[in-house]
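Student: See work-v4.cif below, with mmCIF, C-alpha atoms.
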```
data_structure
#
loop_
_atom_site.group_PDB
_atom_site.id
_atom_site.type_symbol
_atom_site.label_atom_id
_atom_site.label_comp_id
_atom_site.auth_asym_id
_atom_site.auth_seq_id
_atom_site.Cartn_x
_atom_site.Cartn_y
_atom_site.Cartn_z
ATOM 1 C CA MET A 1 324.409 -17.794 -44.862
ATOM 2 C CA ASP A 2 322.058 -16.249 -47.397
ATOM 3 C CA THR A 3 322.078 -18.492 -50.483
ATOM 4 C CA ALA A 4 321.417 -22.204 -50.776
ATOM 5 C CA LEU A 5 321.707 -24.778 -53.530
ATOM 6 C CA VAL A 6 319.437 -27.798 -53.133
ATOM 7 C CA ILE A 7 320.424 -30.758 -55.280
ATOM 8 C CA GLY A 8 317.013 -32.280 -55.954
ATOM 9 C CA GLY A 9 314.399 -30.067 -54.358
ATOM 10 C CA THR A 10 311.076 -30.894 -56.011
ATOM 11 C CA ARG A 11 309.683 -34.148 -54.646
ATOM 12 C CA PHE A 12 309.674 -34.942 -50.933
ATOM 13 C CA ILE A 13 312.446 -34.084 -48.468
ATOM 14 C CA GLY A 14 313.935 -31.566 -50.867
ATOM 15 C CA ARG A 15 310.584 -29.893 -51.412
ATOM 16 C CA HIS A 16 310.072 -29.378 -47.688
ATOM 17 C CA LEU A 17 313.679 -28.242 -47.326
ATOM 18 C CA VAL A 18 313.146 -25.503 -49.895
ATOM 19 C CA GLU A 19 310.060 -24.332 -48.003
ATOM 20 C CA ASP A 20 312.030 -24.263 -44.750
ATOM 21 C CA LEU A 21 314.891 -22.327 -46.320
ATOM 22 C CA LEU A 22 312.499 -19.782 -47.824
ATOM 23 C CA ALA A 23 310.841 -19.352 -44.423
ATOM 24 C CA HIS A 24 314.288 -18.505 -43.036
ATOM 25 C CA ASP A 25 315.074 -15.889 -45.712
ATOM 26 C CA TYR A 26 317.403 -17.893 -47.927
ATOM 27 C CA ASP A 27 317.591 -17.347 -51.661
ATOM 28 C CA VAL A 28 317.304 -20.872 -53.045
ATOM 29 C CA THR A 29 318.415 -22.529 -56.249
ATOM 30 C CA ILE A 30 317.284 -26.053 -57.037
ATOM 31 C CA PHE A 31 319.479 -28.191 -59.274
ATOM 32 C CA ASN A 32 317.939 -31.233 -60.958
ATOM 33 C CA ARG A 33 317.148 -32.795 -64.299
ATOM 34 C CA GLY A 34 313.645 -31.340 -64.444
ATOM 35 C CA SER A 35 312.124 -34.832 -64.555
ATOM 36 C CA HIS A 36 309.387 -33.923 -62.070
ATOM 37 C CA ASP A 37 306.993 -31.004 -61.793
ATOM 38 C CA ASN A 38 308.582 -27.994 -60.144
ATOM 39 C CA PRO A 39 306.303 -26.793 -57.315
ATOM 40 C CA PHE A 40 308.376 -23.606 -57.076
ATOM 41 C CA ALA A 41 308.153 -22.573 -60.726
ATOM 42 C CA ASP A 42 306.239 -19.397 -59.828
ATOM 43 C CA ARG A 43 307.722 -18.748 -56.387
ATOM 44 C CA ASP A 44 309.827 -15.704 -55.641
ATOM 45 C CA GLY A 45 313.212 -16.534 -54.194
ATOM 46 C CA VAL A 46 313.608 -19.873 -56.007
ATOM 47 C CA THR A 47 315.676 -20.381 -59.149
ATOM 48 C CA HIS A 48 315.974 -23.592 -61.140
ATOM 49 C CA VAL A 49 319.162 -24.790 -62.804
ATOM 50 C CA GLU A 50 318.706 -27.880 -64.949
ATOM 51 C CA GLY A 51 321.357 -30.568 -64.934
ATOM 52 C CA ASP A 52 322.233 -34.120 -64.012
ATOM 53 C CA ARG A 53 324.037 -34.346 -60.677
ATOM 54 C CA THR A 54 325.842 -37.508 -61.832
ATOM 55 C CA ASN A 55 327.537 -35.392 -64.502
ATOM 56 C CA ASP A 56 330.516 -33.738 -62.819
ATOM 57 C CA SER A 57 330.729 -30.988 -65.451
ATOM 58 C CA ALA A 58 327.078 -30.070 -64.892
ATOM 59 C CA LEU A 59 327.663 -29.961 -61.154
ATOM 60 C CA GLU A 60 330.693 -27.725 -61.598
ATOM 61 C CA ALA A 61 328.747 -25.419 -63.915
ATOM 62 C CA ALA A 62 325.985 -25.103 -61.314
ATOM 63 C CA ALA A 63 328.555 -24.292 -58.626
ATOM 64 C CA ALA A 64 330.043 -21.547 -60.779
ATOM 65 C CA GLU A 65 326.658 -20.091 -61.729
ATOM 66 C CA VAL A 66 325.082 -20.121 -58.273
ATOM 67 C CA ASP A 67 328.094 -19.723 -55.940
ATOM 68 C CA PRO A 68 325.996 -20.851 -52.941
ATOM 69 C CA ASP A 69 326.789 -20.418 -49.269
ATOM 70 C CA ALA A 70 325.222 -23.780 -48.377
ATOM 71 C CA VAL A 71 324.666 -26.933 -50.428
ATOM 72 C CA PHE A 72 322.125 -29.606 -49.523
ATOM 73 C CA ASP A 73 322.549 -32.925 -51.308
ATOM 74 C CA CYS A 74 319.181 -34.695 -51.381
ATOM 75 C CA VAL A 75 319.874 -37.154 -54.184
ATOM 76 C CA ALA A 76 323.350 -38.595 -53.621
ATOM 77 C CA TYR A 77 322.949 -42.353 -53.720
ATOM 78 C CA LYS A 78 326.485 -43.446 -54.511
ATOM 79 C CA PRO A 79 329.743 -42.606 -52.732
ATOM 80 C CA ARG A 80 331.301 -41.276 -55.910
ATOM 81 C CA GLU A 81 328.601 -38.620 -56.072
ATOM 82 C CA VAL A 82 329.383 -37.455 -52.548
ATOM 83 C CA ARG A 83 333.108 -37.302 -53.267
ATOM 84 C CA ALA A 84 332.481 -35.283 -56.431
ATOM 85 C CA ALA A 85 330.148 -32.876 -54.621
ATOM 86 C CA THR A 86 332.475 -32.288 -51.681
ATOM 87 C CA ASP A 87 335.256 -31.480 -54.149
ATOM 88 C CA THR A 88 333.059 -29.221 -56.270
ATOM 89 C CA PHE A 89 331.648 -27.303 -53.297
ATOM 90 C CA ALA A 90 334.778 -27.382 -51.145
ATOM 91 C CA ASP A 91 334.788 -23.593 -50.728
ATOM 92 C CA CYS A 92 331.159 -23.315 -49.607
ATOM 93 C CA GLU A 93 330.295 -22.520 -46.014
ATOM 94 C CA ALA A 94 328.430 -25.819 -45.652
ATOM 95 C CA TYR A 95 327.774 -29.034 -47.544
ATOM 96 C CA VAL A 96 325.109 -31.313 -46.041
ATOM 97 C CA PHE A 97 324.609 -34.874 -47.287
ATOM 98 C CA ILE A 98 321.381 -36.746 -46.643
ATOM 99 C CA SER A 99 322.498 -40.134 -45.399
ATOM 100 C CA SER A 100 320.234 -42.660 -43.663
ATOM 101 C CA GLY A 101 319.721 -44.598 -40.476
ATOM 102 C CA ALA A 102 320.195 -47.616 -42.737
ATOM 103 C CA ALA A 103 323.913 -46.759 -42.790
ATOM 104 C CA TYR A 104 324.337 -48.307 -39.331
ATOM 105 C CA GLY A 105 325.863 -51.769 -39.352
ATOM 106 C CA ARG A 106 324.948 -53.104 -35.928
ATOM 107 C CA GLU A 107 321.683 -53.525 -34.054
ATOM 108 C CA GLU A 108 321.757 -51.353 -30.942
ATOM 109 C CA ILE A 109 319.154 -49.431 -28.984
ATOM 110 C CA PRO A 110 319.609 -46.621 -29.666
ATOM 111 C CA LYS A 111 321.992 -46.239 -32.570
ATOM 112 C CA ARG A 112 324.371 -43.351 -31.869
ATOM 113 C CA GLU A 113 326.565 -41.271 -34.129
ATOM 114 C CA GLY A 114 330.222 -42.119 -33.681
ATOM 115 C CA VAL A 115 329.411 -45.084 -31.446
ATOM 116 C CA THR A 116 327.383 -47.569 -33.471
ATOM 117 C CA PRO A 117 329.555 -48.784 -36.366
ATOM 118 C CA LEU A 118 328.545 -48.177 -39.974
ATOM 119 C CA ARG A 119 328.022 -50.779 -42.636
ATOM 120 C CA SER A 120 330.945 -51.755 -44.806
ATOM 121 C CA CYS A 121 330.830 -51.064 -48.544
ATOM 122 C CA THR A 122 332.634 -53.092 -51.176
ATOM 123 C CA THR A 123 333.697 -51.741 -54.544
ATOM 124 C CA GLU A 124 330.817 -53.622 -56.133
ATOM 125 C CA GLN A 125 328.273 -52.338 -53.619
ATOM 126 C CA ALA A 126 329.440 -48.758 -54.145
ATOM 127 C CA VAL A 127 328.223 -48.758 -57.751
ATOM 128 C CA ASP A 128 325.149 -50.944 -57.271
ATOM 129 C CA ASP A 129 321.595 -49.646 -57.655
ATOM 130 C CA SER A 130 319.660 -52.218 -55.644
ATOM 131 C CA GLU A 131 317.779 -51.650 -52.401
ATOM 132 C CA GLU A 132 319.941 -54.299 -50.725
ATOM 133 C CA THR A 133 323.043 -52.061 -50.895
ATOM 134 C CA TYR A 134 321.327 -48.772 -50.036
ATOM 135 C CA GLY A 135 322.641 -48.678 -46.462
ATOM 136 C CA ASN A 136 326.140 -49.674 -47.555
ATOM 137 C CA ARG A 137 326.267 -46.869 -50.096
ATOM 138 C CA LYS A 138 324.981 -44.309 -47.619
ATOM 139 C CA ALA A 139 327.590 -45.438 -45.076
ATOM 140 C CA GLU A 140 330.349 -44.968 -47.638
ATOM 141 C CA GLY A 141 328.918 -41.538 -48.417
ATOM 142 C CA ASP A 142 329.246 -40.697 -44.732
ATOM 143 C CA ARG A 143 332.883 -41.752 -44.849
ATOM 144 C CA ALA A 144 333.383 -39.510 -47.890
ATOM 145 C CA VAL A 145 331.960 -36.599 -45.873
ATOM 146 C CA ALA A 146 334.355 -37.307 -43.002
ATOM 147 C CA ALA A 147 337.286 -37.498 -45.430
ATOM 148 C CA ALA A 148 336.292 -34.175 -46.975
ATOM 149 C CA ALA A 149 336.176 -32.572 -43.534
ATOM 150 C CA GLU A 150 339.718 -33.754 -42.921
ATOM 151 C CA ARG A 151 340.688 -31.809 -46.066
ATOM 152 C CA GLY A 152 339.126 -28.661 -44.628
ATOM 153 C CA VAL A 153 335.676 -28.884 -46.215
ATOM 154 C CA ARG A 154 332.782 -28.004 -43.901
ATOM 155 C CA ALA A 155 330.866 -31.142 -44.838
ATOM 156 C CA MET A 156 328.303 -32.895 -42.625
ATOM 157 C CA SER A 157 325.750 -35.713 -42.759
ATOM 158 C CA VAL A 158 322.169 -36.025 -41.587
ATOM 159 C CA ARG A 159 320.828 -39.540 -40.999
ATOM 160 C CA PRO A 160 317.030 -39.775 -41.005
ATOM 161 C CA CYS A 161 315.147 -42.937 -40.185
ATOM 162 C CA ILE A 162 311.994 -43.676 -42.246
ATOM 163 C CA VAL A 163 310.640 -40.303 -43.370
ATOM 164 C CA TYR A 164 306.901 -39.612 -43.655
ATOM 165 C CA GLY A 165 304.627 -36.653 -44.244
ATOM 166 C CA PRO A 166 302.955 -34.631 -47.009
ATOM 167 C CA HIS A 167 304.036 -35.425 -50.596
ATOM 168 C CA ASP A 168 305.582 -38.758 -49.586
ATOM 169 C CA TYR A 169 305.824 -40.570 -52.903
ATOM 170 C CA SER A 170 307.053 -43.742 -51.165
ATOM 171 C CA GLU A 171 303.477 -44.233 -49.826
ATOM 172 C CA ARG A 172 304.657 -46.262 -46.837
ATOM 173 C CA LEU A 173 302.532 -44.472 -44.242
ATOM 174 C CA ASP A 174 299.721 -44.256 -46.793
ATOM 175 C CA PHE A 175 299.226 -48.014 -46.539
ATOM 176 C CA TRP A 176 298.225 -47.703 -42.890
ATOM 177 C CA ILE A 177 296.194 -44.524 -43.368
ATOM 178 C CA ASP A 178 294.266 -46.208 -46.181
ATOM 179 C CA ARG A 179 293.594 -49.287 -44.049
ATOM 180 C CA VAL A 180 292.274 -47.244 -41.129
ATOM 181 C CA ASN A 181 290.240 -44.996 -43.405
ATOM 182 C CA ARG A 182 288.511 -47.817 -45.284
ATOM 183 C CA PHE A 183 288.051 -50.643 -42.807
ATOM 184 C CA ASP A 184 286.571 -51.081 -39.339
ATOM 185 C CA ARG A 185 289.055 -53.850 -38.499
ATOM 186 C CA VAL A 186 292.773 -53.365 -39.064
ATOM 187 C CA LEU A 187 295.109 -56.334 -39.051
ATOM 188 C CA VAL A 188 298.385 -55.577 -37.251
ATOM 189 C CA PRO A 189 301.267 -58.052 -37.588
ATOM 190 C CA GLY A 190 302.605 -59.577 -34.387
ATOM 191 C CA ASP A 191 301.536 -58.175 -31.042
ATOM 192 C CA GLY A 192 301.677 -54.559 -32.225
ATOM 193 C CA THR A 193 304.600 -53.615 -30.000
ATOM 194 C CA ASN A 194 307.344 -53.500 -32.646
ATOM 195 C CA VAL A 195 309.108 -50.159 -33.095
ATOM 196 C CA TRP A 196 310.596 -48.720 -36.275
ATOM 197 C CA HIS A 197 311.708 -45.143 -35.714
ATOM 198 C CA ARG A 198 310.252 -42.597 -38.128
ATOM 199 C CA ALA A 199 310.930 -38.932 -38.910
ATOM 200 C CA TYR A 200 308.409 -36.271 -39.908
ATOM 201 C CA VAL A 201 309.572 -34.657 -43.127
ATOM 202 C CA GLU A 202 309.348 -31.035 -41.962
ATOM 203 C CA ASP A 203 311.583 -31.936 -39.026
ATOM 204 C CA VAL A 204 314.116 -33.476 -41.410
ATOM 205 C CA ALA A 205 314.085 -30.245 -43.409
ATOM 206 C CA SER A 206 314.718 -28.091 -40.342
ATOM 207 C CA ALA A 207 317.445 -30.497 -39.232
ATOM 208 C CA LEU A 208 319.258 -30.096 -42.542
ATOM 209 C CA ARG A 209 319.209 -26.319 -42.245
ATOM 210 C CA LEU A 210 320.311 -26.310 -38.604
ATOM 211 C CA VAL A 211 323.187 -28.679 -39.330
ATOM 212 C CA ALA A 212 324.339 -26.378 -42.123
ATOM 213 C CA GLU A 213 324.167 -23.386 -39.801
ATOM 214 C CA ARG A 214 325.444 -24.892 -36.547
ATOM 215 C CA GLY A 215 326.871 -28.346 -37.217
ATOM 216 C CA GLU A 216 330.489 -29.413 -36.896
ATOM 217 C CA ALA A 217 332.475 -30.419 -39.963
ATOM 218 C CA GLY A 218 332.808 -34.163 -40.423
ATOM 219 C CA GLU A 219 329.989 -34.990 -38.006
ATOM 220 C CA ALA A 220 326.780 -36.919 -38.632
ATOM 221 C CA TYR A 221 323.438 -36.151 -36.986
ATOM 222 C CA ASN A 222 320.546 -38.584 -36.551
ATOM 223 C CA VAL A 223 317.041 -37.257 -37.038
ATOM 224 C CA GLY A 224 313.760 -38.886 -36.012
ATOM 225 C CA ASP A 225 310.594 -38.191 -34.055
ATOM 226 C CA ARG A 226 311.471 -37.416 -30.458
ATOM 227 C CA ARG A 227 308.518 -39.539 -29.373
ATOM 228 C CA LEU A 228 308.679 -43.160 -30.483
ATOM 229 C CA VAL A 229 305.518 -45.203 -30.918
ATOM 230 C CA THR A 230 304.695 -48.833 -31.524
ATOM 231 C CA LEU A 231 302.951 -49.898 -34.703
ATOM 232 C CA GLU A 232 299.717 -50.381 -32.790
ATOM 233 C CA GLU A 233 299.869 -46.876 -31.333
ATOM 234 C CA SER A 234 300.580 -45.503 -34.803
ATOM 235 C CA VAL A 235 297.353 -47.067 -36.034
ATOM 236 C CA GLU A 236 295.474 -45.599 -33.080
ATOM 237 C CA LEU A 237 296.903 -42.126 -33.727
ATOM 238 C CA ILE A 238 295.922 -42.357 -37.386
ATOM 239 C CA ALA A 239 292.393 -43.302 -36.326
ATOM 240 C CA ASN A 240 292.286 -40.275 -34.031
ATOM 241 C CA ALA A 241 293.423 -38.020 -36.881
ATOM 242 C CA LEU A 242 290.675 -39.480 -39.075
ATOM 243 C CA GLN A 243 288.181 -39.099 -36.229
ATOM 244 C CA THR A 244 287.180 -42.729 -36.508
ATOM 245 C CA ASP A 245 287.307 -45.904 -34.440
ATOM 246 C CA VAL A 246 288.918 -49.152 -35.522
ATOM 247 C CA GLU A 247 289.285 -52.584 -34.031
ATOM 248 C CA ILE A 248 292.922 -53.660 -34.032
ATOM 249 C CA VAL A 249 293.346 -57.376 -34.631
ATOM 250 C CA HIS A 250 296.725 -58.962 -33.948
ATOM 251 C CA ALA A 251 298.000 -61.795 -36.084
ATOM 252 C CA GLY A 252 301.147 -63.783 -35.427
ATOM 253 C CA PRO A 253 303.170 -65.736 -37.995
ATOM 254 C CA HIS A 254 301.021 -68.868 -37.764
ATOM 255 C CA GLU A 255 297.742 -67.000 -38.227
ATOM 256 C CA LEU A 256 299.164 -64.995 -41.124
ATOM 257 C CA GLU A 257 300.524 -68.133 -42.743
ATOM 258 C CA ALA A 258 296.990 -69.480 -42.997
ATOM 259 C CA GLY A 259 296.259 -66.599 -45.349
ATOM 260 C CA GLY A 260 299.505 -66.991 -47.256
ATOM 261 C CA LEU A 261 301.006 -63.965 -45.488
ATOM 262 C CA SER A 262 304.021 -63.257 -43.282
ATOM 263 C CA LEU A 263 304.985 -60.578 -40.766
ATOM 264 C CA ASP A 264 307.434 -59.021 -43.208
ATOM 265 C CA ASP A 265 304.663 -58.417 -45.741
ATOM 266 C CA TYR A 266 303.724 -55.337 -43.709
ATOM 267 C CA VAL A 267 305.495 -52.001 -43.965
ATOM 268 C CA PHE A 268 306.880 -50.707 -40.640
ATOM 269 C CA TYR A 269 307.133 -54.221 -39.223
ATOM 270 C CA ARG A 270 310.613 -54.981 -37.903
ATOM 271 C CA GLU A 271 311.395 -57.719 -35.441
ATOM 272 C CA TYR A 272 314.292 -55.889 -33.771
ATOM 273 C CA PRO A 273 313.550 -52.260 -32.803
ATOM 274 C CA HIS A 274 315.187 -49.610 -34.964
ATOM 275 C CA VAL A 275 315.820 -46.576 -32.764
ATOM 276 C CA LEU A 276 318.132 -43.620 -33.397
ATOM 277 C CA SER A 277 319.409 -41.298 -30.704
ATOM 278 C CA THR A 278 318.526 -37.694 -31.613
ATOM 279 C CA ALA A 279 320.234 -36.053 -28.631
ATOM 280 C CA LYS A 280 323.154 -34.764 -30.704
ATOM 281 C CA LEU A 281 320.831 -32.947 -33.095
ATOM 282 C CA ALA A 282 318.742 -31.599 -30.213
ATOM 283 C CA ASP A 283 321.916 -30.053 -28.797
ATOM 284 C CA LEU A 284 321.977 -27.800 -31.885
ATOM 285 C CA GLY A 285 318.572 -26.440 -30.890
ATOM 286 C CA TRP A 286 316.476 -28.742 -33.067
ATOM 287 C CA GLU A 287 312.971 -29.706 -31.992
ATOM 288 C CA SER A 288 310.529 -32.183 -33.495
ATOM 289 C CA THR A 289 306.876 -31.578 -34.331
ATOM 290 C CA PRO A 290 304.430 -33.100 -31.815
ATOM 291 C CA LEU A 291 303.546 -36.523 -33.159
ATOM 292 C CA GLU A 292 299.793 -35.963 -33.142
ATOM 293 C CA GLU A 293 300.229 -32.801 -35.216
ATOM 294 C CA ALA A 294 302.612 -34.499 -37.649
ATOM 295 C CA LEU A 295 300.161 -37.344 -38.225
ATOM 296 C CA GLU A 296 297.209 -34.991 -38.626
ATOM 297 C CA ARG A 297 299.067 -33.167 -41.413
ATOM 298 C CA SER A 298 300.066 -36.459 -42.998
ATOM 299 C CA VAL A 299 296.501 -37.776 -42.907
ATOM 300 C CA ALA A 300 295.113 -34.547 -44.378
ATOM 301 C CA ASP A 301 297.601 -34.746 -47.254
ATOM 302 C CA HIS A 302 296.737 -38.412 -47.822
ATOM 303 C CA LEU A 303 293.030 -37.618 -48.116
ATOM 304 C CA GLU A 304 293.756 -35.027 -50.803
ATOM 305 C CA SER A 305 295.914 -37.464 -52.780
ATOM 306 C CA ASP A 306 295.317 -40.652 -54.743
ATOM 307 C CA ARG A 307 297.941 -42.593 -52.764
ATOM 308 C CA ASP A 308 296.949 -45.842 -51.064
ATOM 309 C CA GLY A 309 300.272 -47.559 -50.393
ATOM 310 C CA HIS A 310 298.949 -50.863 -51.724
ATOM 311 C CA GLU A 311 302.445 -52.024 -52.677
ATOM 312 C CA HIS A 312 303.495 -52.001 -49.022
ATOM 313 C CA GLY A 313 301.130 -54.600 -47.650
ATOM 314 C CA PRO A 314 298.905 -57.566 -48.435
ATOM 315 C CA ASP A 315 295.750 -57.489 -50.497
ATOM 316 C CA ARG A 316 292.697 -56.989 -48.319
ATOM 317 C CA GLU A 317 291.141 -60.239 -49.507
ATOM 318 C CA ASP A 318 294.134 -62.133 -48.099
ATOM 319 C CA GLU A 319 293.696 -60.314 -44.800
ATOM 320 C CA GLU A 320 290.010 -61.181 -44.787
ATOM 321 C CA ARG A 321 290.930 -64.864 -44.863
ATOM 322 C CA VAL A 322 293.158 -64.359 -41.831
ATOM 323 C CA LEU A 323 290.458 -62.409 -40.021
ATOM 324 C CA GLY A 324 287.986 -65.180 -40.754
ATOM 325 C CA ILE A 325 290.326 -67.746 -39.256
ATOM 326 C CA LEU A 326 290.887 -65.616 -36.156
ATOM 327 C CA ASP A 327 287.125 -65.273 -35.704
ATOM 328 C CA THR A 328 286.825 -69.026 -35.402
ATOM 329 C CA LEU A 329 289.442 -69.345 -32.652
#
```
For the structure just supplied, provide its representation as structure tokens.
Tutor:
Amino acid sequence: MDTALVIGGTRFIGRHLVEDLLAHDYDVTIFNRGSHDNPFADRDGVTHVEGDRTNDSALEAAAAEVDPDAVFDCVAYKPREVRAATDTFADCEAYVFISSGAAYGREEIPKREGVTPLRSCTTEQAVDDSEETYGNRKAEGDRAVAAAAERGVRAMSVRPCIVYGPHDYSERLDFWIDRVNRFDRVLVPGDGTNVWHRAYVEDVASALRLVAERGEAGEAYNVGDRRLVTLEESVELIANALQTDVEIVHAGPHELEAGGLSLDDYVFYREYPHVLSTAKLADLGWESTPLEEALERSVADHLESDRDGHEHGPDREDEERVLGILDTL
């Protein structure tokens, strides 16, 4: 494969995917509405086609203009969009849909492709825009990929867990980096041992390319860091990347309640571990970036940005009340 069409391509996962494709000698076209700055405006090997992917005619026009070997769908959030894309790009060598670990419908450790069942998706959920139906819609998108494969389309899915890394506009990891960077004492909900699997963005990008090149039609592939860490260890690794020391203070539900807080106020807190098996992807030859290196790059990008992730956790003054209570115990 020599040419790639990236639907999206300018913000986070898509941006890193374009970089990965360029590094592997693809000619790349990005297809989007042009709502965000294009970091590839002056880059050789990258062309921009403007259009709205929810408009089927625009998608068909892009397919005719670009005639790509591989298509990477970074911004399909509704099943109808996946069905339209798999029809439009049916003759391509590969169509890869970015699904999500949230598509799984049962708590297992680990969650495995083809073993752990997917969420159901009602007609109403399929057209909804709320966060509550995100996993349902991604699951139905996966089913649309499988149906397309049965029609002879080489369509596949990649299911990342929570993605982090440079240019992460969600700012979820930034909350914890900001806490460690600004304060000597970091409040960690619970006992610090909870696990929520995460995936470094450059590894997601390489996974997408490898699945296009080597994946099997109709299959889904989980992607996540090969080394899992607890929330407490994540904080420690961030401190190491910042070359600083912090005191980690644990707070259970009763202590947090005294400050008007709860465990779920904190990003990356999850009572039941969320773990994806990545063995199937590794069998394609995929490898993940060493965790320490991934976090060092993420921290460096954070320090150059104005992101602080404040929407993903409590105000510090509320935490200070909890810390004051803990100091009296």
Student: On this structure, the PyMOL selection byres ((chain A and resi 245) around 10) would catch which residues? List them as a list in words, sorted by chain and number.
Tutor: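 Evaluating the PyMOL selection byres ((chain A and resi 245) around 10) on this file yields Val180, Asn181, Phe183, Asp184, Arg185, Glu236, Ile238, Ala239, Asn240, Leu242, Gln243, Thr244, Val246, Glu247 and Ile248 of chain A.
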Student: Selection in question (the file shown): the PyMOL selection byres ((chain A and resi 105-115) around 8). Which residues does it include, as a list of chain:residue names?
Tutor: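 Selected by the PyMOL selection byres ((chain A and resi 105-115) around 8) here: A:Ala102, A:Ala103, A:Tyr104, A:Thr116, A:Pro117, A:Leu118, A:Arg119, A:Ser120, A:Ala220, A:Tyr221, A:Asn222, A:Tyr272, A:Pro273, A:His274, A:Val275, A:Leu276, A:Ser277.
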Student: Axis-aligned box over every listed atom of range 93-104 of chain A, padded by 6 Å per side: centre and edges in Å to one decimal, as AutoDock Vina command-line options?
Tutor:
```
--center_x 325.0 --center_y -35.4 --center_z -43.4 --size_x 22.6 --size_y 37.8 --size_z 20.2
```
Student: At what distance in Å, to one decimal, does CA of Ala205 in chain A lie from CA of Leu231 in chain A?
Tutor: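 Interatomic distance, CA of Leu231 in chain A to CA of Ala205 in chain A: 24.2 Å.
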Student: Would you please work out which residue, of A:Ser305, A:Thr29, A:Ser35, A:Thr88, is nearest to Ala155 in chain A when using all atoms listed in the file?
Tutor: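 Of all the options, A:Thr88 lies closest to Ala155 in chain A.
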